[in-house]
$ cat work27.cif   # mmCIF, C-alpha atoms
data_query
loop_
_atom_site.label_atom_id
_atom_site.label_comp_id
_atom_site.auth_asym_id
_atom_site.auth_seq_id
_atom_site.Cartn_x
_atom_site.Cartn_y
_atom_site.Cartn_z
CA MET S 1 -0.32 55.30 -20.02
CA ARG S 2 2.64 56.29 -17.82
CA LEU S 3 0.38 56.44 -14.74
CA ARG S 4 -0.94 52.94 -15.49
CA ILE S 5 2.62 51.54 -15.64
CA ILE S 6 3.50 53.24 -12.35
CA LEU S 7 0.36 51.83 -10.69
CA VAL S 8 1.08 48.31 -11.97
CA LEU S 9 4.69 48.48 -10.72
CA ALA S 10 3.52 49.82 -7.34
CA ALA S 11 1.03 46.94 -7.05
CA ILE S 12 3.75 44.39 -7.87
CA ILE S 13 6.14 45.88 -5.30
CA LEU S 14 3.41 45.97 -2.65
CA THR S 15 2.46 42.35 -3.34
CA MET S 16 6.10 41.25 -3.06
CA ALA S 17 6.48 43.15 0.23
CA VAL S 18 3.36 41.51 1.69
CA VAL S 19 4.51 38.02 0.65
CA ALA S 20 7.98 38.64 2.14
CA TRP S 21 6.43 39.85 5.38
CA ILE S 22 4.14 36.80 5.63
CA LEU S 23 7.02 34.41 5.01
CA ALA S 24 9.25 36.15 7.54
CA PHE S 25 6.71 36.52 10.35
CA ARG S 26 4.25 33.67 10.01
CA PRO S 27 4.26 31.18 12.91
CA GLY S 28 7.22 28.84 12.67
CA GLY S 29 8.81 30.65 9.72
CA GLY S 30 12.55 30.97 9.90
CA GLU S 31 15.96 30.32 8.48
CA GLY S 32 18.19 27.27 8.48
CA VAL S 33 17.91 23.70 7.30
CA LEU S 34 15.01 22.83 9.63
CA VAL S 35 13.12 25.96 8.44
CA ASP S 36 11.24 26.44 11.75
CA LYS S 37 13.03 28.70 14.26
CA ARG S 38 11.79 26.66 17.22
CA PHE S 39 13.50 23.52 15.96
CA GLU S 40 16.63 25.38 14.87
CA GLU S 41 17.02 26.82 18.39
CA LEU S 42 16.25 23.46 19.99
CA VAL S 43 19.12 21.66 18.23
CA SER S 44 21.59 24.55 18.21
CA GLY S 45 24.97 23.20 19.34
CA VAL S 46 23.74 19.56 19.31
CA GLU S 47 25.48 16.91 17.18
CA GLU S 48 23.55 15.74 14.12
CA GLY S 49 24.39 12.06 14.60
CA LEU S 50 21.16 10.15 13.99
CA ARG S 51 20.45 8.51 10.63
CA VAL S 52 16.78 8.71 9.70
CA SER S 53 15.07 6.93 6.81
CA VAL S 54 11.39 6.78 5.89
CA GLU S 55 9.60 4.07 3.94
CA GLY S 56 7.17 5.23 1.30
CA LEU S 57 9.38 7.93 -0.18
CA LYS S 58 10.15 7.48 -3.87
CA GLU S 59 13.63 8.09 -5.34
CA ASN S 60 12.72 11.74 -6.01
CA GLY S 61 11.74 12.18 -2.33
CA PHE S 62 7.98 12.36 -2.95
CA PHE S 63 5.59 10.33 -0.79
CA GLU S 64 3.83 7.32 -2.23
CA GLU S 65 0.09 8.03 -2.20
CA ALA S 66 -0.68 5.29 0.37
CA TYR S 67 1.00 7.42 3.07
CA THR S 68 -1.07 10.54 2.31
CA CYS S 69 -4.67 11.74 2.73
CA ASP S 70 -5.22 10.84 -0.94
CA GLY S 71 -4.49 7.19 -0.13
CA GLU S 72 -4.77 5.06 3.02
CA ASP S 73 -3.07 7.71 5.20
CA ARG S 74 -0.88 4.89 6.52
CA ALA S 75 1.96 5.75 8.91
CA PRO S 76 5.31 5.05 7.25
CA ARG S 77 8.00 3.08 9.04
CA VAL S 78 10.62 5.58 10.23
CA SER S 79 13.96 3.89 10.94
CA VAL S 80 16.45 5.55 13.29
CA GLU S 81 20.09 4.42 13.59
CA GLY S 82 22.99 5.64 15.70
CA VAL S 83 21.16 6.51 18.93
CA PRO S 84 23.91 7.29 21.49
CA GLY S 85 24.29 5.21 24.65
CA GLN S 86 23.41 8.07 27.03
CA ALA S 87 19.97 8.48 25.43
CA GLU S 88 16.95 7.40 27.49
CA ALA S 89 14.24 8.24 24.95
CA VAL S 90 13.82 9.24 21.31
CA ALA S 91 11.19 11.71 20.08
CA LEU S 92 9.83 12.07 16.54
CA VAL S 93 8.27 15.25 15.19
CA MET S 94 6.89 15.29 11.64
CA TYR S 95 5.94 18.76 10.44
CA ASP S 96 5.13 20.79 7.34
CA PRO S 97 6.70 24.29 7.39
CA ASP S 98 4.99 25.19 4.09
CA ALA S 99 1.40 25.11 5.37
CA PRO S 100 -0.52 28.36 4.72
CA ILE S 101 -1.18 28.81 8.46
CA GLY S 102 2.45 28.22 9.46
CA THR S 103 4.17 25.05 10.62
CA PHE S 104 1.68 22.18 10.78
CA THR S 105 2.41 19.16 13.00
CA HIS S 106 1.61 15.78 11.41
CA TRP S 107 3.02 13.31 13.94
CA LEU S 108 4.43 13.27 17.48
CA SER S 109 5.82 10.12 19.04
CA ILE S 110 8.21 9.03 21.80
CA ALA S 111 10.03 5.69 22.07
CA PRO S 112 12.45 4.20 24.62
CA ALA S 113 16.03 4.59 23.38
CA ARG S 114 17.85 1.76 21.60
CA GLU S 115 20.77 2.02 19.18
CA SER S 116 18.33 1.42 16.34
CA LEU S 117 14.55 1.64 16.47
CA THR S 118 11.48 2.32 14.37
CA PHE S 119 8.38 4.45 14.58
CA PRO S 120 5.57 3.62 15.01
CA GLY S 121 6.67 0.09 16.01
CA ASP S 122 8.80 0.96 19.05
CA ALA S 123 6.72 3.95 20.14
CA ARG S 124 5.74 4.14 23.82
CA VAL S 125 3.35 7.07 23.45
CA GLU S 126 1.91 9.20 20.64
CA GLY S 127 0.93 12.85 20.69
CA ARG S 128 -1.88 14.88 19.16
CA ASN S 129 -1.24 16.26 15.66
CA ASP S 130 -2.68 19.46 14.20
CA PHE S 131 -5.52 17.49 12.60
CA GLY S 132 -6.68 17.00 16.21
CA ARG S 133 -5.98 13.24 16.12
CA ILE S 134 -3.54 11.13 18.09
CA GLY S 135 -0.82 9.54 15.97
CA TYR S 136 0.01 10.00 12.32
CA GLY S 137 -1.75 12.32 9.89
CA GLY S 138 -0.24 12.13 6.41
CA PRO S 139 0.57 14.85 3.90
CA CYS S 140 -2.56 16.69 2.77
CA PRO S 141 -1.61 20.12 1.42
CA PRO S 142 -4.25 22.37 -0.12
CA ARG S 143 -4.82 21.54 -3.79
CA GLY S 144 -2.86 23.82 -6.07
CA HIS S 145 -0.64 25.13 -3.23
CA GLY S 146 2.52 23.66 -4.73
CA VAL S 147 5.05 21.24 -3.28
CA HIS S 148 5.15 20.97 0.51
CA ARG S 149 8.08 19.62 2.52
CA TYR S 150 7.55 17.19 5.40
CA PHE S 151 10.36 17.06 7.94
CA PHE S 152 10.89 13.95 10.06
CA LEU S 153 12.96 15.37 12.94
CA VAL S 154 14.22 12.77 15.41
CA LEU S 155 15.68 13.80 18.77
CA ALA S 156 17.69 11.56 21.13
CA LEU S 157 17.03 12.65 24.72
CA ASP S 158 19.02 12.10 27.91
CA ARG S 159 15.79 11.53 29.84
CA ASP S 160 12.25 10.41 29.12
CA PRO S 161 10.04 13.51 28.95
CA GLY S 162 7.32 11.65 30.87
CA LEU S 163 4.47 12.78 28.63
CA GLY S 164 1.21 10.85 28.32
CA ARG S 165 -0.92 9.91 25.32
CA GLY S 166 -2.17 12.94 23.40
CA PHE S 167 0.67 15.30 24.38
CA THR S 168 1.05 18.44 22.27
CA LEU S 169 4.02 19.86 20.42
CA ASP S 170 4.30 22.70 22.94
CA GLN S 171 4.39 20.21 25.82
CA LEU S 172 7.08 18.19 24.08
CA LEU S 173 9.25 21.21 23.27
CA GLU S 174 9.01 22.49 26.84
CA SER S 175 9.92 19.13 28.37
CA ILE S 176 12.98 18.42 26.19
CA LYS S 177 14.80 21.77 26.30
CA GLY S 178 18.40 21.10 27.31
CA HIS S 179 17.96 17.32 27.10
CA ILE S 180 18.79 16.64 23.42
CA VAL S 181 22.03 14.68 22.96
CA SER S 182 21.78 14.04 19.22
CA TYR S 183 19.38 14.58 16.35
CA GLY S 184 18.78 13.71 12.72
CA TYR S 185 16.19 14.35 10.07
CA THR S 186 15.03 13.60 6.58
CA VAL S 187 12.52 15.34 4.33
CA GLY S 188 9.73 14.04 2.12
CA LYS S 189 7.65 16.04 -0.37
CA TYR S 190 4.07 15.98 -1.59
CA GLU S 191 1.83 18.05 -3.86
CA ARG S 192 -1.87 17.84 -4.66
#

$ encode --input "work27.cif" --output "structure tokens"
Amino acid sequence: MRLRIILVLAAIILTMAVVAWILAFRPGGGEGVLVDKRFEELVSGVEEGLRVSVEGLKENGFFEEAYTCDGEDRAPRVSVEGVPGQAEAVALVMYDPDAPIGTFTHWLSIAPARESLTFPGDARVEGRNDFGRIGYGGPCPPRGHGVHRYFFLVLALDRDPGLGRGFTLDQLLESIKGHIVSYGYTVGKYER
């Protein structure tokens, strides 16, 4: 009986250690409010001055079904206010840091800078998401995987990154290093 208890406790401890290791070292995993280390490093020392709001989020922050893979998978209107005068372009990155494979990109878009603008309406060019499509791909977490968070990170840039249709997240991140003058974000949630 004592051996069985020891084995059960050892199995629990091992399971907890494996889960902790996966969360700490999976791609994109990290600390901070943006969860993904790449984004945390990108905005380090930059003023959080943009106001970001997303249509289709209910009062509790959950997506309405129309904006998800369970509905029409319609791109929500993302409103951005407070873009500083020195900005030349504004980039949008929508991502899910809770995906089993690590951070999953749902939407990449770039628009010319104006004090207030909207995505997708003012977008100049859209990138390729991790579904392999250009443009928006709504929340679609695995069934039974729990609540996922969807970050809408908006970055005001002091120059246009000059990327063409179908650009990737890696291309965007490389082209905007050192060119972010302000940022803002909001988070939606969804569960299946």

$ resolve_selection --input "work27.cif" --expression "the PyMOL selection byres ((chain S and resi 123-139) around 8)" --output "JSON, numbers by chain"
{"S": [67, 68, 69, 73, 74, 75, 104, 105, 106, 107, 108, 109, 110, 111, 112, 118, 119, 120, 121, 122, 140, 141, 150, 163, 164, 165, 166, 167, 168, 169, 190]}

$ resolve_selection --input "work27.cif" --expression "the PyMOL selection byres ((chain S and resi 177) around 12)" --output "list in words"
Arg38, Phe39, Glu41, Leu42, Val43, Ser44, Val46, Leu155, Ala156, Leu157, Asp158, Arg159, Asp160, Pro161, Asp170, Gln171, Leu172, Leu173, Glu174, Ser175, Ile176, Gly178, His179, Ile180 and Val181 of chain S

$ closest_residue --input "work27.cif" --among "S:Val80, S:Leu117, S:Ala89, S:Met94" --to "Phe151 in chain S" --atoms "all atoms listed in the file"
S:Met94

$ atom_distance --input "work27.cif" --atom1 "CA of Gln86 in chain S" --atom2 "CA of Gly184 in chain S"
16.1 Å

$ resolve_selection --input "work27.cif" --expression "the PyMOL selection byres ((chain S and resi 143-146) around 9)" --output "PDB file with C-alpha atoms, in the coordinates of the input"
ATOM      1  CA  ALA S  99       1.400  25.110   5.370  1.00  0.00           C
ATOM      2  CA  PRO S 100      -0.520  28.360   4.720  1.00  0.00           C
ATOM      3  CA  CYS S 140      -2.560  16.690   2.770  1.00  0.00           C
ATOM      4  CA  PRO S 141      -1.610  20.120   1.420  1.00  0.00           C
ATOM      5  CA  PRO S 142      -4.250  22.370  -0.120  1.00  0.00           C
ATOM      6  CA  VAL S 147       5.050  21.240  -3.280  1.00  0.00           C
ATOM      7  CA  HIS S 148       5.150  20.970   0.510  1.00  0.00           C
ATOM      8  CA  TYR S 190       4.070  15.980  -1.590  1.00  0.00           C
ATOM      9  CA  GLU S 191       1.830  18.050  -3.860  1.00  0.00           C
ATOM     10  CA  ARG S 192      -1.870  17.840  -4.660  1.00  0.00           C
TER      11      ARG S 192
END

$ residues_around --input "work27.cif" --residues "Phe152 in chain S" --least-positions-apart "2" --cutoff "9 Å" --atoms "all atoms listed in the file" --output "JSON list (two decimals) with C-alpha atoms, in the coordinates of the input"
[["chain", "number", "residue", "atom", "x", "y", "z"],
["S", 52, "VAL", "CA", 16.78, 8.71, 9.70],
["S", 53, "SER", "CA", 15.07, 6.93, 6.81],
["S", 54, "VAL", "CA", 11.39, 6.78, 5.89],
["S", 78, "VAL", "CA", 10.62, 5.58, 10.23],
["S", 92, "LEU", "CA", 9.83, 12.07, 16.54],
["S", 93, "VAL", "CA", 8.27, 15.25, 15.19],
["S", 94, "MET", "CA", 6.89, 15.29, 11.64],
["S", 95, "TYR", "CA", 5.94, 18.76, 10.44],
["S", 107, "TRP", "CA", 3.02, 13.31, 13.94],
["S", 150, "TYR", "CA", 7.55, 17.19, 5.40],
["S", 154, "VAL", "CA", 14.22, 12.77, 15.41],
["S", 184, "GLY", "CA", 18.78, 13.71, 12.72],
["S", 185, "TYR", "CA", 16.19, 14.35, 10.07],
["S", 186, "THR", "CA", 15.03, 13.60, 6.58],
["S", 187, "VAL", "CA", 12.52, 15.34, 4.33],
["S", 188, "GLY", "CA", 9.73, 14.04, 2.12]]

$ atom_distance --input "work27.cif" --atom1 "CA of Asp36 in chain S" --atom2 "CA of Gly102 in chain S"
9.3 Å

$ closest_residue --input "work27.cif" --among "S:Phe63, S:Pro76, S:Leu34, S:Leu7" --to "Leu153 in chain S" --atoms "all atoms listed in the file"
S:Leu34

$ atom_distance --input "work27.cif" --atom1 "CA of Arg114 in chain S" --atom2 "CA of Arg149 in chain S"
27.9 Å

$ closest_residue --input "work27.cif" --among "S:Ser182, S:Glu55, S:Lys37, S:Asp70" --to "Gly82 in chain S" --atoms "only C-alpha atoms"
S:Ser182

$ closest_residue --input "work27.cif" --among "S:Gly56, S:Gly32, S:Ala113, S:Arg4" --to "Gly85 in chain S" --atoms "only C-alpha atoms"
S:Ala113

$ residues_around --input "work27.cif" --residues "Glu47 in chain S" --least-positions-apart "2" --cutoff "7 Å" --atoms "only C-alpha atoms" --output "VMD selection string"
chain S and resid 45 49 182 to 183

$ write_last_selection --input "work27.cif" --atoms "C-alpha atoms" --output "short mmCIF file (atom, residue, chain, number, x, y, z; two decimals), in the frame of the given file"
data_model
loop_
_atom_site.label_atom_id
_atom_site.label_comp_id
_atom_site.auth_asym_id
_atom_site.auth_seq_id
_atom_site.Cartn_x
_atom_site.Cartn_y
_atom_site.Cartn_z
CA GLY S 45 24.97 23.20 19.34
CA GLY S 49 24.39 12.06 14.60
CA SER S 182 21.78 14.04 19.22
CA TYR S 183 19.38 14.58 16.35
#
